[in-house]
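The file final-v2.csv contains CSV, C-alpha atoms:
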```csv
chain,number,residue,atom,x,y,z
A,1420,MET,CA,-6.9,-19.9,-22.6
A,1421,THR,CA,-5.8,-16.8,-24.4
A,1422,PRO,CA,-2.2,-15.9,-23.5
A,1423,VAL,CA,-1.7,-12.5,-21.8
A,1424,ALA,CA,0.0,-10.0,-24.1
A,1425,ALA,CA,3.4,-8.7,-23.0
A,1426,PRO,CA,3.1,-5.2,-21.6
A,1427,ASN,CA,4.7,-2.3,-23.5
A,1428,VAL,CA,7.1,-0.4,-21.3
A,1429,PHE,CA,8.8,3.0,-21.6
A,1430,ILE,CA,11.9,3.8,-19.5
A,1431,ILE,CA,12.7,7.4,-18.3
A,1432,ASP,CA,16.0,7.8,-16.6
A,1433,ASP,CA,18.9,10.2,-17.0
A,1434,SER,CA,21.5,7.4,-16.7
A,1435,ALA,CA,22.3,5.8,-20.0
A,1436,LEU,CA,23.6,2.7,-18.2
A,1437,VAL,CA,20.4,2.3,-16.2
A,1438,ARG,CA,18.3,2.6,-19.4
A,1439,GLN,CA,20.5,0.1,-21.2
A,1440,VAL,CA,20.5,-2.5,-18.3
A,1441,LEU,CA,16.8,-2.2,-17.7
A,1442,ALA,CA,15.9,-2.5,-21.4
A,1443,ASP,CA,18.2,-5.5,-22.0
A,1444,THR,CA,16.8,-7.2,-18.9
A,1445,LEU,CA,13.2,-6.7,-19.8
A,1446,ARG,CA,13.7,-7.8,-23.4
A,1447,SER,CA,15.3,-11.0,-22.2
A,1448,GLU,CA,12.1,-11.7,-20.4
A,1449,ASN,CA,9.9,-11.0,-23.5
A,1450,ILE,CA,8.7,-7.7,-22.2
A,1451,ASN,CA,8.3,-5.0,-24.9
A,1452,VAL,CA,10.5,-2.0,-24.3
A,1453,ILE,CA,9.0,0.5,-26.8
A,1454,GLY,CA,11.3,3.3,-26.0
A,1455,THR,CA,13.7,5.1,-23.5
A,1456,ALA,CA,14.5,8.7,-22.8
A,1457,PRO,CA,16.8,10.7,-20.5
A,1458,ASP,CA,14.1,13.0,-19.2
A,1459,PRO,CA,10.2,13.4,-19.3
A,1460,ILE,CA,10.2,16.1,-22.1
A,1461,PHE,CA,11.9,13.7,-24.6
A,1462,ALA,CA,9.8,10.9,-23.3
A,1463,ARG,CA,6.5,12.7,-23.8
A,1464,GLN,CA,7.4,13.4,-27.5
A,1465,LYS,CA,8.2,9.8,-28.1
A,1466,MET,CA,5.3,8.3,-26.2
A,1467,GLU,CA,2.7,10.3,-28.2
A,1468,LYS,CA,3.5,8.1,-31.1
A,1469,ASN,CA,3.1,4.8,-29.2
A,1470,TRP,CA,1.7,5.1,-25.7
A,1471,PRO,CA,3.0,2.5,-23.2
A,1472,ASP,CA,1.2,0.3,-20.8
A,1473,VAL,CA,3.7,0.9,-18.0
A,1474,ILE,CA,6.3,3.7,-17.4
A,1475,LEU,CA,9.5,3.1,-15.4
A,1476,LEU,CA,10.3,6.6,-14.0
A,1477,ASP,CA,13.4,8.1,-12.3
A,1478,MET,CA,12.7,10.9,-9.8
A,1479,GLU,CA,15.7,13.2,-10.2
A,1480,MET,CA,16.4,14.3,-13.8
A,1481,PRO,CA,17.4,17.4,-15.7
A,1482,ARG,CA,14.9,19.8,-17.4
A,1483,MET,CA,11.9,18.2,-15.7
A,1484,ASP,CA,11.9,16.1,-12.5
A,1485,GLY,CA,9.9,12.9,-12.1
A,1486,MET,CA,7.4,14.3,-9.7
A,1487,THR,CA,6.4,17.2,-11.9
A,1488,PHE,CA,5.9,14.8,-14.8
A,1489,LEU,CA,4.0,12.3,-12.7
A,1490,LYS,CA,1.5,14.9,-11.6
A,1491,GLN,CA,0.9,16.2,-15.1
A,1492,LEU,CA,0.6,12.6,-16.4
A,1493,MET,CA,-2.1,11.7,-13.8
A,1494,GLN,CA,-4.1,14.8,-14.7
A,1495,GLU,CA,-3.9,14.4,-18.4
A,1496,ARG,CA,-3.5,10.7,-19.2
A,1497,PRO,CA,-3.3,8.4,-16.1
A,1498,THR,CA,-0.9,5.6,-16.8
A,1499,PRO,CA,0.7,2.9,-14.5
A,1500,VAL,CA,4.0,4.3,-13.3
A,1501,ILE,CA,6.7,2.4,-11.4
A,1502,ILE,CA,9.2,4.6,-9.5
A,1503,CYS,CA,12.9,3.8,-9.6
A,1504,SER,CA,14.1,5.3,-6.4
A,1505,THR,CA,17.2,5.5,-4.2
A,1506,LEU,CA,17.4,4.2,-0.6
A,1507,THR,CA,18.4,7.5,0.8
A,1508,GLU,CA,16.1,9.3,3.3
A,1509,LYS,CA,15.5,12.0,0.6
A,1510,GLY,CA,14.8,9.4,-2.0
A,1511,ALA,CA,12.4,7.5,0.2
A,1512,GLN,CA,10.3,10.6,1.1
A,1513,LEU,CA,10.2,11.7,-2.6
A,1514,THR,CA,9.1,8.2,-3.6
A,1515,ILE,CA,6.3,8.2,-1.0
A,1516,ASP,CA,5.1,11.6,-2.3
A,1517,ALA,CA,5.1,10.1,-5.8
A,1518,MET,CA,3.1,7.1,-4.8
A,1519,ALA,CA,0.5,9.4,-3.2
A,1520,ALA,CA,0.4,11.3,-6.5
A,1521,GLY,CA,-0.5,8.1,-8.3
A,1522,ALA,CA,2.5,5.9,-8.9
A,1523,VAL,CA,1.6,2.2,-8.3
A,1524,SER,CA,4.9,0.7,-7.2
A,1525,VAL,CA,8.6,1.4,-6.3
A,1526,LEU,CA,11.9,-0.4,-7.1
A,1527,THR,CA,15.1,0.4,-5.3
A,1528,LYS,CA,17.4,2.1,-7.8
A,1529,SER,CA,20.6,1.1,-5.9
A,1530,SER,CA,20.0,-2.4,-7.3
A,1531,VAL,CA,18.4,-1.5,-10.6
A,1532,GLY,CA,21.5,0.6,-11.6
A,1533,VAL,CA,24.0,-2.2,-11.1
A,1534,ARG,CA,24.2,-5.2,-13.5
A,1535,ASP,CA,25.1,-7.8,-10.8
A,1536,GLY,CA,22.4,-6.4,-8.5
A,1537,LEU,CA,19.8,-6.5,-11.2
A,1538,ASN,CA,20.0,-10.2,-11.5
A,1539,GLU,CA,18.8,-10.5,-7.9
A,1540,LEU,CA,16.0,-8.0,-8.6
A,1541,LYS,CA,14.9,-9.4,-11.9
A,1542,GLY,CA,12.0,-11.4,-10.6
A,1543,GLN,CA,10.7,-8.5,-8.6
A,1544,LEU,CA,11.1,-6.1,-11.5
A,1545,ILE,CA,9.2,-8.4,-13.9
A,1546,ARG,CA,6.4,-9.1,-11.4
A,1547,ALA,CA,6.1,-5.3,-10.7
A,1548,ILE,CA,5.7,-4.6,-14.4
A,1549,ARG,CA,3.1,-7.3,-14.9
A,1550,GLU,CA,1.1,-6.1,-11.9
A,1551,ALA,CA,1.3,-2.5,-13.0
A,1552,SER,CA,0.1,-3.4,-16.4
A,1553,GLN,CA,-3.2,-4.5,-14.8
A,1554,ALA,CA,-3.5,-1.3,-12.7
A,1555,ARG,CA,-6.1,1.4,-13.3
A,1556,PRO,CA,-4.8,4.7,-12.1
A,1557,VAL,CA,-7.4,7.5,-12.2
A,1558,ARG,CA,-7.4,11.3,-12.5
A,1559,ASN,CA,-7.8,13.5,-9.5
A,1560,HIS,CA,-7.3,10.8,-7.0
A,1561,ILE,CA,-9.1,11.1,-3.7
A,1562,VAL,CA,-6.0,11.4,-1.5
A,1563,HIS,CA,-4.0,14.5,-0.7
A,1564,SER,CA,-1.4,15.5,-3.4
A,1565,ALA,CA,1.0,16.6,-0.7
A,1566,PRO,CA,1.2,16.2,3.1
A,1567,THR,CA,-0.4,18.9,5.1
A,1568,ALA,CA,-0.3,19.3,8.9
A,1569,VAL,CA,-3.6,18.0,10.4
A,1570,PRO,CA,-4.3,19.0,14.0
A,1571,LYS,CA,-5.0,16.0,16.2
A,1572,SER,CA,-7.9,17.2,18.2
A,1573,GLN,CA,-7.2,14.5,20.9
A,1574,PRO,CA,-3.5,13.8,21.3
A,1575,ALA,CA,-2.5,10.1,20.9
A,1576,GLN,CA,-0.9,10.2,24.3
A,1577,ALA,CA,-4.2,10.9,26.0
A,1578,LEU,CA,-5.5,7.7,24.5
A,1579,SER,CA,-2.5,5.6,25.3
A,1580,TYR,CA,-3.8,4.4,28.7
A,1581,ARG,CA,-6.8,2.8,27.1
A,1582,THR,CA,-6.6,-0.9,26.1
A,1583,THR,CA,-9.0,-1.5,23.2
A,1584,ASP,CA,-10.6,-4.9,22.9
A,1585,ARG,CA,-11.2,-4.1,19.3
A,1586,VAL,CA,-8.6,-4.2,16.6
A,1587,VAL,CA,-8.6,-3.6,12.9
A,1588,ALA,CA,-6.2,-5.4,10.6
A,1589,ILE,CA,-5.7,-4.0,7.0
A,1590,GLY,CA,-3.8,-5.6,4.1
A,1591,THR,CA,-3.1,-3.9,0.8
A,1592,SER,CA,-0.6,-3.8,-2.1
A,1593,THR,CA,-0.6,-2.2,-5.5
A,1594,GLY,CA,-2.5,1.1,-5.2
A,1595,GLY,CA,-2.6,0.7,-1.5
A,1596,THR,CA,-0.6,3.7,-0.5
A,1597,GLN,CA,-3.4,5.9,-1.8
A,1598,ALA,CA,-6.1,3.7,-0.5
A,1599,LEU,CA,-4.6,3.4,3.0
A,1600,GLU,CA,-4.2,7.2,3.1
A,1601,ALA,CA,-7.9,7.6,2.2
A,1602,VAL,CA,-9.0,5.4,5.0
A,1603,LEU,CA,-6.7,6.6,7.8
A,1604,SER,CA,-7.1,10.3,7.0
A,1605,ALA,CA,-10.9,9.9,7.3
A,1606,LEU,CA,-10.9,8.3,10.8
A,1607,PRO,CA,-11.6,10.3,14.0
A,1608,PRO,CA,-9.0,10.5,16.9
A,1609,ASP,CA,-10.8,7.8,18.9
A,1610,ALA,CA,-10.7,5.2,16.0
A,1611,PRO,CA,-9.8,1.7,17.2
A,1612,GLY,CA,-6.3,0.4,17.2
A,1613,ILE,CA,-5.1,-0.5,13.7
A,1614,VAL,CA,-2.4,-2.8,12.4
A,1615,ALA,CA,-1.6,-2.6,8.6
A,1616,VAL,CA,0.5,-4.3,6.0
A,1617,GLN,CA,1.3,-2.4,2.9
A,1618,HIS,CA,3.6,-4.2,0.5
A,1619,MET,CA,6.6,-1.9,0.2
A,1620,PRO,CA,10.4,-2.3,0.1
A,1621,GLU,CA,12.5,-1.9,3.2
A,1622,LYS,CA,13.5,1.7,4.1
A,1623,PHE,CA,10.3,3.2,2.6
A,1624,THR,CA,7.7,2.4,5.3
A,1625,ALA,CA,9.0,4.9,7.8
A,1626,ALA,CA,8.6,7.7,5.3
A,1627,PHE,CA,5.2,6.3,4.4
A,1628,ALA,CA,4.0,6.2,8.0
A,1629,LYS,CA,5.3,9.8,8.5
A,1630,ARG,CA,3.2,11.0,5.6
A,1631,LEU,CA,0.1,9.2,6.8
A,1632,ASN,CA,0.6,10.7,10.3
A,1633,SER,CA,0.8,14.2,8.7
A,1634,VAL,CA,-2.6,13.9,7.1
A,1635,SER,CA,-4.5,11.9,9.8
A,1636,ARG,CA,-6.1,12.8,13.1
A,1637,ILE,CA,-5.0,9.5,14.5
A,1638,GLU,CA,-1.3,8.8,15.2
A,1639,VAL,CA,0.4,6.7,12.5
A,1640,ARG,CA,3.9,5.3,12.8
A,1641,GLU,CA,6.1,2.5,11.5
A,1642,ALA,CA,5.8,-0.5,14.0
A,1643,GLN,CA,8.6,-1.5,16.3
A,1644,ASP,CA,8.8,-4.8,18.1
A,1645,GLY,CA,6.7,-4.7,21.2
A,1646,ASP,CA,4.6,-1.7,20.4
A,1647,ARG,CA,1.2,-1.6,22.0
A,1648,VAL,CA,-1.9,-1.4,19.9
A,1649,TYR,CA,-4.5,1.1,21.3
A,1650,ALA,CA,-7.3,3.4,20.2
A,1651,GLY,CA,-6.1,6.4,18.1
A,1652,LEU,CA,-3.0,4.6,16.8
A,1653,ALA,CA,-2.2,2.8,13.5
A,1654,LEU,CA,1.0,0.7,13.2
A,1655,ILE,CA,2.4,0.1,9.7
A,1656,ALA,CA,4.5,-3.1,9.3
A,1657,PRO,CA,8.1,-2.2,8.4
A,1658,GLY,CA,9.3,-3.2,4.9
A,1659,GLY,CA,11.3,-6.4,4.8
A,1660,ARG,CA,9.9,-7.7,8.2
A,1661,HIS,CA,6.8,-9.6,9.1
A,1662,MET,CA,4.3,-8.3,11.8
A,1663,GLU,CA,2.1,-10.3,14.1
A,1664,LEU,CA,-0.5,-9.4,16.7
A,1665,VAL,CA,0.2,-10.9,20.1
A,1666,ARG,CA,-1.6,-10.7,23.4
A,1667,SER,CA,0.2,-9.4,26.6
A,1668,GLY,CA,-2.2,-9.7,29.5
A,1669,ALA,CA,-5.1,-7.4,28.6
A,1670,GLN,CA,-3.2,-5.6,25.9
A,1671,TYR,CA,-2.5,-6.1,22.3
A,1672,ARG,CA,1.1,-5.7,21.1
A,1673,VAL,CA,2.9,-6.4,17.8
A,1674,ARG,CA,5.8,-8.7,17.2
A,1675,ILE,CA,8.2,-7.7,14.4
A,1676,PHE,CA,10.4,-10.5,13.1
A,1677,ASP,CA,12.4,-11.7,10.1
A,1678,GLY,CA,11.7,-14.8,8.2
A,1679,PRO,CA,11.0,-16.3,4.8
A,1680,HIS,CA,8.7,-14.6,2.3
A,1681,VAL,CA,5.1,-15.7,2.7
A,1682,THR,CA,2.9,-15.6,-0.5
A,1683,ARG,CA,5.9,-13.9,-2.1
A,1684,HIS,CA,5.9,-11.0,0.4
A,1685,LYS,CA,7.6,-9.7,3.5
A,1686,PRO,CA,5.8,-8.3,5.2
A,1687,SER,CA,2.9,-10.6,4.4
A,1688,VAL,CA,-0.8,-9.8,4.9
A,1689,ASP,CA,-1.4,-13.5,5.6
A,1690,VAL,CA,1.1,-13.5,8.5
A,1691,LEU,CA,-0.7,-10.6,10.1
A,1692,PHE,CA,-4.3,-11.8,9.5
A,1693,ARG,CA,-3.5,-15.3,10.8
A,1694,SER,CA,-2.2,-13.9,14.0
A,1695,VAL,CA,-5.1,-11.5,14.4
A,1696,ALA,CA,-7.5,-14.5,13.9
A,1697,GLN,CA,-5.8,-16.4,16.7
A,1698,VAL,CA,-5.3,-13.6,19.2
A,1699,ALA,CA,-8.4,-11.3,18.7
A,1700,GLY,CA,-11.0,-13.6,17.1
A,1701,HIS,CA,-14.5,-12.0,17.1
A,1702,ASN,CA,-13.1,-8.7,18.5
A,1703,ALA,CA,-11.3,-8.1,15.2
A,1704,THR,CA,-12.2,-6.6,11.8
A,1705,GLY,CA,-10.2,-7.6,8.8
A,1706,ILE,CA,-10.0,-5.4,5.7
A,1707,ILE,CA,-8.4,-6.4,2.4
A,1708,MET,CA,-7.9,-3.7,-0.2
A,1709,THR,CA,-6.4,-3.0,-3.6
A,1710,GLY,CA,-3.5,-5.2,-4.7
A,1711,MET,CA,-2.2,-7.9,-7.0
A,1712,GLY,CA,-2.1,-11.6,-6.1
A,1713,ASP,CA,-3.6,-13.5,-3.3
A,1714,ASP,CA,-1.7,-12.5,-0.2
A,1715,GLY,CA,-4.2,-12.1,2.7
A,1716,ALA,CA,-7.0,-14.2,1.3
A,1717,ARG,CA,-6.4,-17.3,3.4
A,1718,GLY,CA,-5.6,-15.2,6.5
A,1719,LEU,CA,-8.9,-13.3,6.1
A,1720,LYS,CA,-10.8,-16.6,5.8
A,1721,LEU,CA,-9.3,-17.7,9.1
A,1722,MET,CA,-10.3,-14.4,10.6
A,1723,LYS,CA,-13.9,-14.9,9.4
A,1724,ASP,CA,-13.9,-18.5,10.7
A,1725,LYS,CA,-12.8,-17.2,14.1
A,1726,GLY,CA,-15.8,-14.7,14.2
A,1727,ALA,CA,-14.1,-11.5,12.9
A,1728,ALA,CA,-16.0,-9.2,10.6
A,1729,THR,CA,-14.3,-9.1,7.2
A,1730,VAL,CA,-14.4,-6.5,4.5
A,1731,ALA,CA,-13.1,-6.2,0.9
A,1732,GLN,CA,-12.7,-3.1,-1.2
A,1733,ASP,CA,-14.9,-3.3,-4.3
A,1734,GLU,CA,-13.6,-3.6,-7.8
A,1735,THR,CA,-14.6,-0.2,-9.0
A,1736,SER,CA,-12.6,1.7,-6.4
A,1737,CYS,CA,-9.5,-0.7,-6.6
A,1738,VAL,CA,-6.4,0.1,-8.6
A,1739,VAL,CA,-6.0,-3.7,-8.9
A,1740,PHE,CA,-8.8,-6.0,-7.8
A,1741,GLY,CA,-6.6,-9.1,-7.4
A,1742,MET,CA,-6.3,-9.5,-3.6
A,1743,PRO,CA,-10.0,-8.6,-2.8
A,1744,ARG,CA,-11.1,-10.9,-5.7
A,1745,GLU,CA,-9.2,-13.9,-4.3
A,1746,ALA,CA,-10.5,-13.3,-0.8
A,1747,ILE,CA,-14.1,-13.1,-2.1
A,1748,LYS,CA,-13.6,-16.3,-4.2
A,1749,LEU,CA,-12.4,-18.1,-1.1
A,1750,GLY,CA,-15.5,-17.1,0.9
A,1751,ALA,CA,-13.5,-15.0,3.3
A,1752,VAL,CA,-15.5,-11.7,2.9
A,1753,ASP,CA,-18.7,-10.6,4.7
A,1754,ILE,CA,-19.0,-7.1,3.0
A,1755,VAL,CA,-17.8,-5.8,-0.3
A,1756,THR,CA,-17.8,-2.0,-0.3
A,1757,PRO,CA,-16.4,1.1,-2.0
A,1758,LEU,CA,-13.2,2.6,-0.5
A,1759,LYS,CA,-15.0,5.7,0.7
A,1760,GLN,CA,-17.3,3.6,2.9
A,1761,ILE,CA,-14.5,1.7,4.7
A,1762,PRO,CA,-13.8,4.4,7.5
A,1763,GLN,CA,-17.5,4.4,8.4
A,1764,LEU,CA,-17.6,0.6,8.5
A,1765,ILE,CA,-14.6,0.6,10.9
A,1766,MET,CA,-16.3,3.0,13.3
A,1767,GLN,CA,-19.6,1.2,13.1
A,1768,ARG,CA,-18.1,-2.1,13.8
A,1769,CYS,CA,-16.0,-0.9,16.7
A,1770,ALA,CA,-18.5,1.5,18.3
A,1771,PRO,CA,-19.0,0.7,22.0
A,1772,ARG,CA,-22.2,-1.3,22.7
A,1773,GLU,CA,-24.9,0.8,24.3
A,1774,GLU,CA,-26.6,-0.5,27.5
A,1775,PRO,CA,-30.4,-0.8,27.4
A,1776,ALA,CA,-32.2,2.4,28.6
A,1777,ARG,CA,-33.8,2.2,32.0
A,1778,ARG,CA,-37.5,2.9,32.5
A,1779,PRO,CA,-38.3,6.1,34.5
A,1780,GLY,CA,-38.6,5.3,38.1
A,1781,GLY,CA,-37.6,1.7,37.6
A,1782,LEU,CA,-34.6,-0.6,37.4
```
Using structure tokens, write down the structure from this file.
Amino acid sequence: MTPVAAPNVFIIDDSALVRQVLADTLRSENINVIGTAPDPIFARQKMEKNWPDVILLDMEMPRMDGMTFLKQLMQERPTPVIICSTLTEKGAQLTIDAMAAGAVSVLTKSSVGVRDGLNELKGQLIRAIREASQARPVRNHIVHSAPTAVPKSQPAQALSYRTTDRVVAIGTSTGGTQALEAVLSALPPDAPGIVAVQHMPEKFTAAFAKRLNSVSRIEVREAQDGDRVYAGLALIAPGGRHMELVRSGAQYRVRIFDGPHVTRHKPSVDVLFRSVAQVAGHNATGIIMTGMGDDGARGLKLMKDKGAATVAQDETSCVVFGMPREAIKLGAVDIVTPLKQIPQLIMQRCAPREEPARRPGGL
């Protein structure tokens, strides 16, 4: 078996300490740091001589901010970018906008910038770089470059009295912020209730859900323990917590809880899918989209075994095909489809069944 070559990484951050700590850490793990720079202008000059496989990018820098650089990069030469962000509300919102613009992952800068904290983050950092090196960002991505107010033609409150017996569970990881936005923003206001896991650090999912809500006709929000699932609403699992679907009488609700990582993640797609299989069975649709690793594959297989319809995003439209590929290999998938077809499949699967037409004058 041919060994996988170590990715070439370029670090852009205005802090000399952060650059040094990151570079030393990566080199100790046999990852090639081919250069560092205090801002994107210096970085671009250096990178032209030796283009990296992955870029670690700070957001707030002198001369040119990270967002401006990222947008230019994705237009001119799409390259996997990992954002190094703060945990502040402003930092979280800026990071979500950056991921919508094409960044593939985010690391919390509060840990990255401290030597002691970096030891705890090392495994996550190395894994994120290896995942990003396999990503395929594209020009002119299909999602919105910035959030815009979308009128909700039917307010979510008007739908809240309805209890849907259909539920859609979605799992995604690397590249999933763009993919999930593409799906949710294309759904009509009466779309079935949706529960979704996007691998994302704690503190960022609230900003992510807020962005999705701003570009969708359905209501989208970060899930809280006990939230009902109903038509016209999508609940996003909070970072750092697992989410399960539970039944409460005739209603679906979500349970949000702490616990160990499952398939290296919290929230875990497998945790969500397994609960949906047990609670909703054939009334559910499971969708696995772009992402690295195998989280969700076994849970989706259980959903299929319980009678749910199961869908995987196809390789061409994935940023990383890892999660869908593993689910397909396991025999967990009914349909493999391009990203742009997923909203239509959701509505077809969850459309109300029509009663047979009566004959004129008869019963």
**OP:** Using CA of Pro1457 (chain A) and CA of Met1493 (chain A) as the two end points, give the distance in Å to one decimal.
**Re:**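 A separation of 20.1 Å between them.
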**OP:** Provide the CA of Ile1548 (chain A) to CA of Leu1749 (chain A) distance in Å, to one decimal place.
**Re:**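 CA of Leu1749 (chain A) lies 26.2 Å from CA of Ile1548 (chain A).
The residue that comes closest to Ile1501 (chain A), out of A:Ile1747, A:Gly1454, A:Ala1551, A:Lys1465 and on the basis of only C-alpha atoms, is A:Ala1551.
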**OP:** Please identify all polymer residues within 8 Å of Lys1759 (chain A), counting all atoms listed in the file, omitting same-chain residues fewer than 2 positions from it, and present them as number ranges by chain.
**Re:** A: 1601-1602, 1757, 1761-1762
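In this structure, CA of Val1525 (chain A) sits 6.7 Å away from CA of Ser1504 (chain A).
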Original post:
Nearest to Thr1514 (chain A): which of A:Pro1620, A:Gly1710, A:Pro1481, A:Gly1590 is it, counting only C-alpha atoms?
Top reply: A:Pro1620
Original post:
Between A:Thr1704, A:Leu1719, A:Ser1635, A:His1684, which is the closest to Pro1611 (chain A) once you count all atoms listed in the file?
Top reply: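 Checking each of A:Thr1704, A:Leu1719, A:Ser1635, A:His1684 against Pro1611 (chain A), counting all atoms listed in the file, the winner is A:Thr1704.
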**OP:** Check the smallest atom-to-atom distance from each of A:Ser1447, A:Thr1624, A:Gln1439, A:Thr1487 to Pro1459 (chain A) using all atoms listed in the file, then report the winner.
**Re:**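 Looking only at the distances to Pro1459 (chain A), the closest residue turns out to be A:Thr1487.
Candidate residues A:Asp1713, A:Asp1724, A:Asp1433, A:Asp1677 were compared for distance to Val1695 (chain A), and the nearest is A:Asp1724, using all atoms listed in the file.
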Subject >> Residue nearest Asp1516 (chain A) - candidates A:Leu1489, A:Ala1731, A:Val1437, A:Leu1540, atoms counted: all atoms listed in the file >> reply: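 When distances to Asp1516 (chain A) are compared using all atoms listed in the file, the smallest one comes from A:Leu1489.
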